[in-house]
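What follows is the content of upload_36.cif, which has mmCIF, C-alpha atoms:
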```cif
data_entry
loop_
_atom_site.group_PDB
_atom_site.id
_atom_site.type_symbol
_atom_site.label_atom_id
_atom_site.label_comp_id
_atom_site.auth_asym_id
_atom_site.auth_seq_id
_atom_site.Cartn_x
_atom_site.Cartn_y
_atom_site.Cartn_z
ATOM 1 C CA MET A 1 -81.446 59.439 74.263
ATOM 2 C CA LYS A 2 -84.252 60.523 71.958
ATOM 3 C CA LEU A 3 -84.324 63.448 69.596
ATOM 4 C CA GLU A 4 -87.084 65.928 70.344
ATOM 5 C CA THR A 5 -88.351 65.447 66.814
ATOM 6 C CA GLU A 6 -89.194 61.818 67.601
ATOM 7 C CA PRO A 7 -92.813 61.026 68.500
ATOM 8 C CA ILE A 8 -93.756 61.122 72.182
ATOM 9 C CA SER A 9 -94.498 57.582 73.307
ATOM 10 C CA ASP A 10 -96.891 56.595 76.092
ATOM 11 C CA ASP A 11 -94.150 54.984 78.176
ATOM 12 C CA GLU A 12 -92.070 58.171 78.338
ATOM 13 C CA TRP A 13 -91.584 60.151 81.535
ATOM 14 C CA LEU A 14 -92.118 63.909 81.600
ATOM 15 C CA LEU A 15 -90.319 66.178 84.053
ATOM 16 C CA ARG A 16 -91.886 69.133 85.848
ATOM 17 C CA ARG A 17 -90.000 71.749 87.838
ATOM 18 C CA VAL A 18 -91.682 72.438 91.170
ATOM 19 C CA HIS A 19 -90.732 75.250 93.517
ATOM 20 C CA ILE A 20 -89.942 74.411 97.126
ATOM 21 C CA GLN A 21 -93.036 76.292 98.328
ATOM 22 C CA MET A 22 -95.290 73.756 96.623
ATOM 23 C CA PHE A 23 -93.139 70.694 97.112
ATOM 24 C CA ARG A 24 -94.061 67.662 99.160
ATOM 25 C CA THR A 25 -92.781 67.743 102.732
ATOM 26 C CA ASP A 26 -92.769 65.154 105.502
ATOM 27 C CA VAL A 27 -96.253 66.274 106.484
ATOM 28 C CA THR A 28 -97.778 67.889 103.397
ATOM 29 C CA PRO A 29 -98.373 66.387 99.951
ATOM 30 C CA LEU A 30 -97.371 68.061 96.722
ATOM 31 C CA SER A 31 -99.577 71.067 96.029
ATOM 32 C CA PRO A 32 -102.104 70.959 93.192
ATOM 33 C CA ASN A 33 -100.794 74.448 92.431
ATOM 34 C CA ALA A 34 -97.553 72.872 91.222
ATOM 35 C CA PHE A 35 -99.545 72.249 88.030
ATOM 36 C CA ARG A 36 -101.352 75.550 87.836
ATOM 37 C CA PRO A 37 -100.984 77.483 84.579
ATOM 38 C CA VAL A 38 -99.241 80.840 84.942
ATOM 39 C CA THR A 39 -101.585 83.614 83.783
ATOM 40 C CA LYS A 40 -99.528 86.756 84.439
ATOM 41 C CA GLY A 41 -95.987 88.016 84.011
ATOM 42 C CA THR A 42 -93.335 87.262 81.434
ATOM 43 C CA HIS A 43 -93.875 83.508 81.157
ATOM 44 C CA VAL A 44 -97.614 83.075 80.686
ATOM 45 C CA ASP A 45 -98.610 79.473 79.932
ATOM 46 C CA ASN A 46 -100.566 80.373 76.821
ATOM 47 C CA ALA A 47 -99.957 77.013 75.184
ATOM 48 C CA GLY A 48 -100.167 74.988 78.399
ATOM 49 C CA ILE A 49 -98.029 74.151 81.404
ATOM 50 C CA SER A 50 -94.422 73.240 80.650
ATOM 51 C CA LEU A 51 -92.752 69.886 81.064
ATOM 52 C CA PHE A 52 -89.698 68.239 79.543
ATOM 53 C CA ARG A 53 -89.238 64.786 78.072
ATOM 54 C CA GLU A 54 -86.838 62.840 80.244
ATOM 55 C CA ALA A 55 -85.762 60.790 77.227
ATOM 56 C CA CYS A 56 -84.401 63.946 75.572
ATOM 57 C CA GLN A 57 -82.163 64.911 78.527
ATOM 58 C CA GLN A 58 -78.655 63.715 79.201
ATOM 59 C CA ASN A 59 -79.277 64.422 82.871
ATOM 60 C CA SER A 60 -82.711 65.116 84.337
ATOM 61 C CA GLU A 61 -81.390 68.092 86.274
ATOM 62 C CA ASP A 62 -80.466 69.764 82.989
ATOM 63 C CA ILE A 63 -84.000 71.179 82.958
ATOM 64 C CA LEU A 64 -82.932 73.511 85.793
ATOM 65 C CA ARG A 65 -79.817 74.763 84.080
ATOM 66 C CA LEU A 66 -81.244 78.122 82.998
ATOM 67 C CA MET A 67 -81.702 79.052 86.657
ATOM 68 C CA SER A 68 -79.001 80.437 88.909
ATOM 69 C CA PRO A 69 -77.524 77.904 91.373
ATOM 70 C CA GLU A 70 -79.404 79.693 94.154
ATOM 71 C CA ARG A 71 -82.735 79.277 92.368
ATOM 72 C CA GLN A 72 -81.912 75.686 91.411
ATOM 73 C CA ALA A 73 -81.578 74.847 95.097
ATOM 74 C CA ASP A 74 -85.180 75.997 95.612
ATOM 75 C CA ASN A 75 -86.586 73.720 92.935
ATOM 76 C CA GLY A 76 -87.344 70.037 92.821
ATOM 77 C CA ILE A 77 -88.368 67.781 89.944
ATOM 78 C CA VAL A 78 -91.328 65.441 89.732
ATOM 79 C CA ARG A 79 -92.018 63.122 86.856
ATOM 80 C CA LEU A 80 -95.216 61.975 85.225
ATOM 81 C CA ARG A 81 -95.727 59.183 82.738
ATOM 82 C CA VAL A 82 -97.411 60.112 79.467
ATOM 83 C CA SER A 83 -99.805 57.178 79.802
ATOM 84 C CA ASP A 84 -100.927 58.452 83.229
ATOM 85 C CA LEU A 85 -101.733 61.843 81.723
ATOM 86 C CA LYS A 86 -103.761 60.205 78.972
ATOM 87 C CA LYS A 87 -105.730 58.254 81.578
ATOM 88 C CA ILE A 88 -107.027 61.541 82.942
ATOM 89 C CA LYS A 89 -107.739 62.846 79.445
ATOM 90 C CA LEU A 90 -104.735 65.131 79.125
ATOM 91 C CA SER A 91 -102.568 65.328 76.032
ATOM 92 C CA VAL A 92 -98.922 66.168 75.510
ATOM 93 C CA VAL A 93 -97.758 68.338 72.633
ATOM 94 C CA ALA A 94 -94.193 69.101 71.556
ATOM 95 C CA ASP A 95 -93.330 72.788 71.971
ATOM 96 C CA PRO A 96 -89.615 73.112 71.129
ATOM 97 C CA ILE A 97 -87.611 75.901 72.749
ATOM 98 C CA SER A 98 -84.029 76.831 71.976
ATOM 99 C CA ASP A 99 -82.466 76.355 75.418
ATOM 100 C CA ILE A 100 -83.487 72.878 76.573
ATOM 101 C CA PRO A 101 -84.483 69.933 74.357
ATOM 102 C CA GLY A 102 -87.732 68.030 74.714
ATOM 103 C CA HIS A 103 -89.990 70.859 75.866
ATOM 104 C CA VAL A 104 -93.665 69.874 75.805
ATOM 105 C CA VAL A 105 -96.914 71.370 77.034
ATOM 106 C CA ILE A 106 -100.240 70.076 78.298
ATOM 107 C CA PRO A 107 -102.618 72.195 76.195
ATOM 108 C CA GLU A 108 -105.673 71.449 78.342
ATOM 109 C CA LEU A 109 -103.955 73.292 81.199
ATOM 110 C CA ASN A 110 -103.400 76.674 79.607
ATOM 111 C CA ALA A 111 -103.688 80.173 81.028
ATOM 112 C CA GLN A 112 -106.893 81.149 79.269
ATOM 113 C CA VAL A 113 -108.759 77.993 80.212
ATOM 114 C CA TYR A 114 -107.618 78.336 83.813
ATOM 115 C CA GLU A 115 -108.666 81.977 84.072
ATOM 116 C CA ASN A 116 -112.085 81.133 82.674
ATOM 117 C CA ASP A 117 -112.739 78.007 84.696
ATOM 118 C CA LYS A 118 -110.510 77.483 87.725
ATOM 119 C CA LYS A 119 -113.149 75.295 89.312
ATOM 120 C CA SER A 120 -112.989 72.692 86.545
ATOM 121 C CA LEU A 121 -109.214 72.553 86.360
ATOM 122 C CA LEU A 122 -108.582 72.236 90.097
ATOM 123 C CA PRO A 123 -109.448 68.495 90.270
ATOM 124 C CA VAL A 124 -107.163 67.852 87.283
ATOM 125 C CA MET A 125 -104.333 69.722 88.988
ATOM 126 C CA ALA A 126 -105.012 67.716 92.146
ATOM 127 C CA GLN A 127 -104.809 64.451 90.200
ATOM 128 C CA LEU A 128 -101.467 65.479 88.726
ATOM 129 C CA ALA A 129 -100.238 66.351 92.206
ATOM 130 C CA GLU A 130 -101.304 62.925 93.429
ATOM 131 C CA ILE A 131 -99.352 61.240 90.629
ATOM 132 C CA GLY A 132 -96.346 63.517 91.071
ATOM 133 C CA ASN A 133 -96.369 63.032 94.825
ATOM 134 C CA ASP A 134 -95.310 59.411 94.303
ATOM 135 C CA ASN A 135 -92.798 60.177 91.571
ATOM 136 C CA ILE A 136 -90.318 62.617 92.974
ATOM 137 C CA LEU A 137 -87.046 62.632 91.113
ATOM 138 C CA ARG A 138 -85.252 65.433 92.916
ATOM 139 C CA TRP A 139 -86.015 67.091 96.241
ATOM 140 C CA PRO A 140 -85.190 70.800 96.470
ATOM 141 C CA PRO A 141 -81.792 70.945 98.192
ATOM 142 C CA ASN A 142 -83.093 73.803 100.359
ATOM 143 C CA GLN A 143 -86.095 71.770 101.523
ATOM 144 C CA ARG A 144 -84.756 71.404 105.061
ATOM 145 C CA ASN A 145 -85.117 75.164 105.471
ATOM 146 C CA CYS A 146 -88.815 75.146 104.610
ATOM 147 C CA HIS A 147 -91.076 75.269 107.660
ATOM 148 C CA ILE A 148 -94.562 75.236 106.111
ATOM 149 C CA MET B 1 -111.991 85.886 83.507
ATOM 150 C CA SER B 2 -115.277 84.578 84.770
ATOM 151 C CA ALA B 3 -116.505 85.701 88.149
ATOM 152 C CA PRO B 4 -116.246 83.075 90.865
ATOM 153 C CA ALA B 5 -119.474 81.601 92.136
ATOM 154 C CA ARG B 6 -121.235 83.672 94.742
ATOM 155 C CA ASN B 7 -123.199 82.536 97.745
ATOM 156 C CA THR B 8 -126.924 81.970 97.422
ATOM 157 C CA ALA B 9 -127.691 85.597 98.193
ATOM 158 C CA GLY B 10 -125.500 86.600 95.273
ATOM 159 C CA ALA B 11 -123.175 88.654 97.446
ATOM 160 C CA ALA B 12 -119.542 88.166 98.181
ATOM 161 C CA VAL B 13 -118.869 86.409 101.458
ATOM 162 C CA ASP B 14 -117.389 88.468 104.260
ATOM 163 C CA ILE B 15 -114.855 86.270 106.003
ATOM 164 C CA THR B 16 -115.383 88.046 109.283
ATOM 165 C CA THR B 17 -119.154 87.733 109.430
ATOM 166 C CA ASP B 18 -120.743 85.507 106.815
ATOM 167 C CA MET B 19 -118.384 82.658 106.164
ATOM 168 C CA GLY B 20 -118.482 81.161 109.593
ATOM 169 C CA CYS B 21 -116.736 77.861 110.053
ATOM 170 C CA LYS B 22 -119.053 75.490 108.237
ATOM 171 C CA PRO B 23 -116.890 74.690 105.202
ATOM 172 C CA PHE B 24 -113.937 73.962 107.422
ATOM 173 C CA ASN B 25 -116.067 71.905 109.761
ATOM 174 C CA GLU B 26 -117.277 69.752 106.866
ATOM 175 C CA MET B 27 -113.667 69.028 106.019
ATOM 176 C CA GLY B 28 -112.892 68.133 109.579
ATOM 177 C CA LEU B 29 -110.648 71.128 109.932
ATOM 178 C CA LEU B 30 -112.438 72.823 112.785
ATOM 179 C CA GLY B 31 -111.586 71.738 116.278
ATOM 180 C CA SER B 32 -110.518 68.273 115.151
ATOM 181 C CA SER B 33 -108.490 66.655 117.861
ATOM 182 C CA SER B 34 -107.405 63.813 115.605
ATOM 183 C CA ARG B 35 -105.807 66.025 113.032
ATOM 184 C CA VAL B 36 -102.300 67.335 113.482
ATOM 185 C CA ALA B 37 -101.887 70.887 112.264
ATOM 186 C CA MET B 38 -98.888 71.268 109.997
ATOM 187 C CA ALA B 39 -97.917 74.643 111.371
ATOM 188 C CA SER B 40 -99.261 77.327 113.672
ATOM 189 C CA TRP B 41 -101.016 80.485 112.549
ATOM 190 C CA LYS B 42 -98.064 82.352 114.036
ATOM 191 C CA ASP B 43 -95.719 80.534 111.645
ATOM 192 C CA CYS B 44 -98.095 81.233 108.780
ATOM 193 C CA ILE B 45 -98.296 84.946 109.550
ATOM 194 C CA GLU B 46 -94.519 85.153 109.881
ATOM 195 C CA MET B 47 -94.184 83.516 106.505
ATOM 196 C CA LEU B 48 -96.662 85.958 104.981
ATOM 197 C CA HIS B 49 -94.555 88.827 106.286
ATOM 198 C CA SER B 50 -91.460 87.194 104.771
ATOM 199 C CA PHE B 51 -93.144 87.275 101.359
ATOM 200 C CA ARG B 52 -92.666 91.059 101.369
ATOM 201 C CA ALA B 53 -89.014 90.453 100.529
ATOM 202 C CA LEU B 54 -89.841 88.590 97.317
ATOM 203 C CA GLU B 55 -88.960 90.232 94.044
ATOM 204 C CA ASP B 56 -90.154 89.398 90.561
ATOM 205 C CA ASP B 57 -88.632 86.129 89.284
ATOM 206 C CA TRP B 58 -88.368 84.824 92.850
ATOM 207 C CA ASP B 59 -88.806 81.264 91.538
ATOM 208 C CA GLY B 60 -86.299 81.507 88.703
ATOM 209 C CA GLY B 61 -89.140 81.030 86.228
ATOM 210 C CA GLY B 62 -90.443 84.588 85.896
ATOM 211 C CA ALA B 63 -92.941 84.568 88.776
ATOM 212 C CA LEU B 64 -94.449 87.857 89.901
ATOM 213 C CA ALA B 65 -93.863 89.119 93.428
ATOM 214 C CA PRO B 66 -97.044 89.790 95.422
ATOM 215 C CA GLU B 67 -98.110 93.406 95.820
ATOM 216 C CA ALA B 68 -97.914 94.907 99.298
ATOM 217 C CA SER B 69 -101.668 95.515 99.467
ATOM 218 C CA LEU B 70 -102.383 91.896 98.530
ATOM 219 C CA LEU B 71 -100.084 90.734 101.317
ATOM 220 C CA ASP B 72 -101.936 93.039 103.715
ATOM 221 C CA GLY B 73 -105.118 91.240 102.726
ATOM 222 C CA ALA B 74 -103.514 87.819 103.184
ATOM 223 C CA ILE B 75 -102.269 88.750 106.656
ATOM 224 C CA ASN B 76 -105.685 90.099 107.641
ATOM 225 C CA LEU B 77 -107.279 86.904 106.376
ATOM 226 C CA ALA B 78 -104.872 84.781 108.431
ATOM 227 C CA HIS B 79 -105.728 86.779 111.547
ATOM 228 C CA SER B 80 -109.454 86.356 110.842
ATOM 229 C CA LEU B 81 -109.120 82.622 110.345
ATOM 230 C CA ARG B 82 -107.140 82.309 113.552
ATOM 231 C CA GLN B 83 -109.735 84.321 115.462
ATOM 232 C CA ASN B 84 -112.430 82.045 114.019
ATOM 233 C CA GLN B 85 -110.479 79.071 115.399
ATOM 234 C CA ILE B 86 -109.900 77.546 111.997
ATOM 235 C CA ILE B 87 -107.229 74.883 112.179
ATOM 236 C CA PRO B 88 -103.891 76.251 110.959
ATOM 237 C CA VAL B 89 -103.152 76.129 107.283
ATOM 238 C CA ASP B 90 -101.159 73.181 105.936
ATOM 239 C CA ARG B 91 -99.291 75.328 103.469
ATOM 240 C CA VAL B 92 -99.190 78.944 102.421
ATOM 241 C CA HIS B 93 -97.358 80.046 99.318
ATOM 242 C CA VAL B 94 -97.144 82.658 96.627
ATOM 243 C CA SER B 95 -98.316 81.660 93.164
ATOM 244 C CA ALA B 96 -96.385 82.536 90.029
ATOM 245 C CA ASP B 97 -99.152 85.097 89.370
ATOM 246 C CA GLY B 98 -98.260 86.961 92.562
ATOM 247 C CA THR B 99 -101.305 85.842 94.537
ATOM 248 C CA VAL B 100 -101.177 84.149 97.940
ATOM 249 C CA ILE B 101 -102.683 80.704 98.406
ATOM 250 C CA PHE B 102 -103.677 79.043 101.690
ATOM 251 C CA GLU B 103 -104.044 75.256 101.450
ATOM 252 C CA TRP B 104 -105.646 72.612 103.671
ATOM 253 C CA PHE B 105 -105.584 68.892 102.937
ATOM 254 C CA GLY B 106 -108.477 66.860 104.296
ATOM 255 C CA ASN B 107 -109.206 63.168 104.390
ATOM 256 C CA GLY B 108 -108.849 61.295 101.115
ATOM 257 C CA ARG B 109 -108.876 63.716 98.223
ATOM 258 C CA ALA B 110 -110.581 66.525 100.117
ATOM 259 C CA TYR B 111 -108.758 69.791 99.584
ATOM 260 C CA LEU B 112 -109.494 73.413 100.239
ATOM 261 C CA GLU B 113 -107.649 76.495 99.052
ATOM 262 C CA ILE B 114 -108.186 80.185 99.528
ATOM 263 C CA GLU B 115 -106.425 82.394 97.009
ATOM 264 C CA VAL B 116 -105.975 86.002 98.023
ATOM 265 C CA ILE B 117 -106.216 88.050 94.846
ATOM 266 C CA GLY B 118 -106.343 91.550 96.309
ATOM 267 C CA ARG B 119 -106.454 93.585 99.502
ATOM 268 C CA HIS B 120 -110.128 92.781 100.036
ATOM 269 C CA GLN B 121 -110.764 89.818 97.756
ATOM 270 C CA ALA B 122 -110.109 86.116 97.879
ATOM 271 C CA GLU B 123 -111.430 83.052 96.111
ATOM 272 C CA LYS B 124 -112.214 79.852 97.990
ATOM 273 C CA ARG B 125 -112.172 76.559 96.090
ATOM 274 C CA GLU B 126 -112.835 73.205 97.640
ATOM 275 C CA ILE B 127 -112.690 69.614 96.414
ATOM 276 C CA LEU B 128 -115.161 67.607 98.463
ATOM 277 C CA GLN B 129 -114.944 63.916 99.352
ATOM 278 C CA ASP B 130 -117.285 63.060 96.466
ATOM 279 C CA SER B 131 -114.871 64.894 94.087
ATOM 280 C CA SER B 132 -117.320 67.734 93.427
ATOM 281 C CA VAL B 133 -115.860 71.231 93.529
ATOM 282 C CA THR B 134 -117.245 74.390 95.061
ATOM 283 C CA GLU B 135 -116.056 77.935 94.538
ATOM 284 C CA GLU B 136 -116.981 81.255 96.115
ATOM 285 C CA LEU B 137 -115.725 84.767 96.476
ATOM 286 C CA ILE B 138 -114.631 85.944 99.899
ATOM 287 C CA ARG B 139 -114.460 89.572 100.934
ATOM 288 C CA ILE B 140 -111.638 90.287 103.346
ATOM 289 C CA ALA B 141 -112.531 93.027 105.792
#
```

Please, can you express the file's structure as structure tokens?
Amino acid sequence: MKLETEPISDDEWLLRRVHIQMFRTDVTPLSPNAFRPVTKGTHVDNAGISLFREACQQNSEDILRLMSPERQADNGIVRLRVSDLKKIKLSVVADPISDIPGHVVIPELNAQVYENDKKSLLPVMAQLAEIGNDNILRWPPNQRNCHI
Amino acid sequence: MSAPARNTAGAAVDITTDMGCKPFNEMGLLGSSSRVAMASWKDCIEMLHSFRALEDDWDGGGALAPEASLLDGAINLAHSLRQNQIIPVDRVHVSADGTVIFEWFGNGRAYLEIEVIGRHQAEKREILQDSSVTEELIRIA
């Protein structure tokens, strides 16, 4: 396991929480909106969308631990390799938080940029969804109850 | 926030009169017998009604619940799309910002979304086969 103070290497995997509403189903791919910066509310993605370094977790599902068990069951986890993000000109920056180690952000996908230019960011979000669609680590346990 | 692109006349598009079915037809979403709809409009509208029960932090990550008037707009839009014989949406969901997003997935990387941002306003964004992106404002009657 790595310390979050260690440099982020290109071969590392990053974990992204994705709500069941946007998750891949048998008939629908992962939504590009799974990588959309949040622009309103209490958790605005001012610095960029949140991910966690897998190498800094004891268990990948630890990134859900701040949620209630009920909410955890509505969330899945997809993973993205740092090198794949760099291929599409995205960067990864450490953004430590107190609760879970290895928190990072993608600064190019921040709230202000998204609000100002949704059109330009949509293809990037779609590319991330395409990568994440093939790298699902955890399916939302409640997925079977999702009809759309 | 920058204003979404408008149509060539510079006015917002009225979903019930101006939008027609062309964008959906270009994506192969209109009257395509080869494409299997992921769900019916009835399912979609039922789901939109179910969104009224959402409260803030519905996703466990601080997401906003959609306002009732915005959901009214989303339901009206769904009815309009159904009446215009648009193929049913592949997915409908609430964003963490409390907006409602309709999604269609076309061939290859083609993708279309309509984000309802208010009772009478929505934004349509589309990734075309050649990877170009279009955007326009839709007025919901």

Selection dump of the PyMOL selection byres ((chain A) within 6 of (chain B)), as number ranges by chain: A: 21, 40, 42-43, 67, 71, 115-116, 148

Near-Val93 (chain A) list (7 Å; all atoms listed in the file; drop same-chain fewer than 2 positions) as a VMD selection string: chain A and resid 91 95 104 to 106

Those selected residues, please, written with C-alpha atoms and delivered as a compact mmCIF listing (two decimals), in the frame of the given file.
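Written out: selection_27.txt:
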```txt
# COMPACT_ATOMS: atom_id res chain seq x y z
CA SER A 91 -102.57 65.33 76.03
CA ASP A 95 -93.33 72.79 71.97
CA VAL A 104 -93.66 69.87 75.81
CA VAL A 105 -96.91 71.37 77.03
CA ILE A 106 -100.24 70.08 78.30
```

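Distances here use only C-alpha atoms; by that measure, the residue among A:Pro32, A:Gly132, A:Gly41, A:Gly48 closest to Tyr114 (chain A) is A:Gly48.
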
Length of the CA of Asn84 (chain B) to CA of Ile138 (chain B) vector [Å]: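 The value is 14.8 Å.
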
Result set of the PyMOL selection byres ((chain A and resi 18) around 6) on the coordinates above, as a PyMOL selection string: chain A and resi 17+19+34+75-77

Separation of CA of Phe52 (chain A) from CA of Lys119 (chain A), in Å and rounded to one decimal: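 So the answer is 26.4 Å.
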
Atom-to-atom span, CA of Ala73 (chain A) and CA of Leu54 (chain B), Å: 16.2 Å

Result set of the PyMOL selection byres ((chain A and resi 136) around 9) on the coordinates above, as a count of residues only: 12

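Using only C-alpha atoms for every distance, the candidate list A:Ile88, A:Ile63, A:Cys56, A:Ala47 yields A:Ile88 as the residue closest to Ile131 (chain A).
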
Shell around Arg65 (chain A) at 10 Å using all atoms listed in the file, local window under 4 positions removed, as a list in words: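 Skipping anything fewer than 4 positions along the chain leaves Glu61, Pro69, Arg71, Gln72, Asp99 and Ile100 of chain A.
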
Quick one: residues within 12 Å of Pro101 (chain A), all atoms listed in the file counted, chain neighbours fewer than 5 positions away excluded, as a compact mmCIF listing (two decimals) with C-alpha atoms, in the coordinates of the input?
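Written out: around34.txt:
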```
# COMPACT_ATOMS: atom_id res chain seq x y z
CA MET A 1 -81.45 59.44 74.26
CA LYS A 2 -84.25 60.52 71.96
CA LEU A 3 -84.32 63.45 69.60
CA GLU A 4 -87.08 65.93 70.34
CA THR A 5 -88.35 65.45 66.81
CA GLU A 6 -89.19 61.82 67.60
CA LEU A 15 -90.32 66.18 84.05
CA LEU A 51 -92.75 69.89 81.06
CA PHE A 52 -89.70 68.24 79.54
CA ARG A 53 -89.24 64.79 78.07
CA GLU A 54 -86.84 62.84 80.24
CA ALA A 55 -85.76 60.79 77.23
CA CYS A 56 -84.40 63.95 75.57
CA GLN A 57 -82.16 64.91 78.53
CA GLN A 58 -78.66 63.72 79.20
CA ASN A 59 -79.28 64.42 82.87
CA SER A 60 -82.71 65.12 84.34
CA ASP A 62 -80.47 69.76 82.99
CA ILE A 63 -84.00 71.18 82.96
CA ARG A 65 -79.82 74.76 84.08
CA ALA A 94 -94.19 69.10 71.56
CA ASP A 95 -93.33 72.79 71.97
CA PRO A 96 -89.62 73.11 71.13
```

Distance query 7 Å from (-105.4, 86.0, 101.8) using only C-alpha atoms, result as a ChimeraX atom specification: /B:73-75,77-78,100-101,114-116,122

Taking every listed atom of region 104-112 of chain B and adding 3 Å to each side, what centre and edge lengths in Å (one decimal) does the axis-aligned box have, as JSON?
```
{"center_x": -108.1, "center_y": 67.4, "center_z": 101.3, "size_x": 11.0, "size_y": 18.1, "size_z": 12.2}
```

Nearest to Phe51 (chain B), chosen from B:Glu67, B:Pro88, B:Ala141, B:Gly118, with only C-alpha atoms counted in the distances: B:Glu67

Shortest interatomic distance to Leu112 (chain B) - which of A:Val44, A:Ser31, A:Ser50, A:Ser98, counting only C-alpha atoms: A:Ser31

Residue nearest Val92 (chain A) among A:Leu122, A:Leu128, A:Leu109, A:Met22 (counting only C-alpha atoms):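 Smallest distance to Val92 (chain A) is found for A:Leu109.
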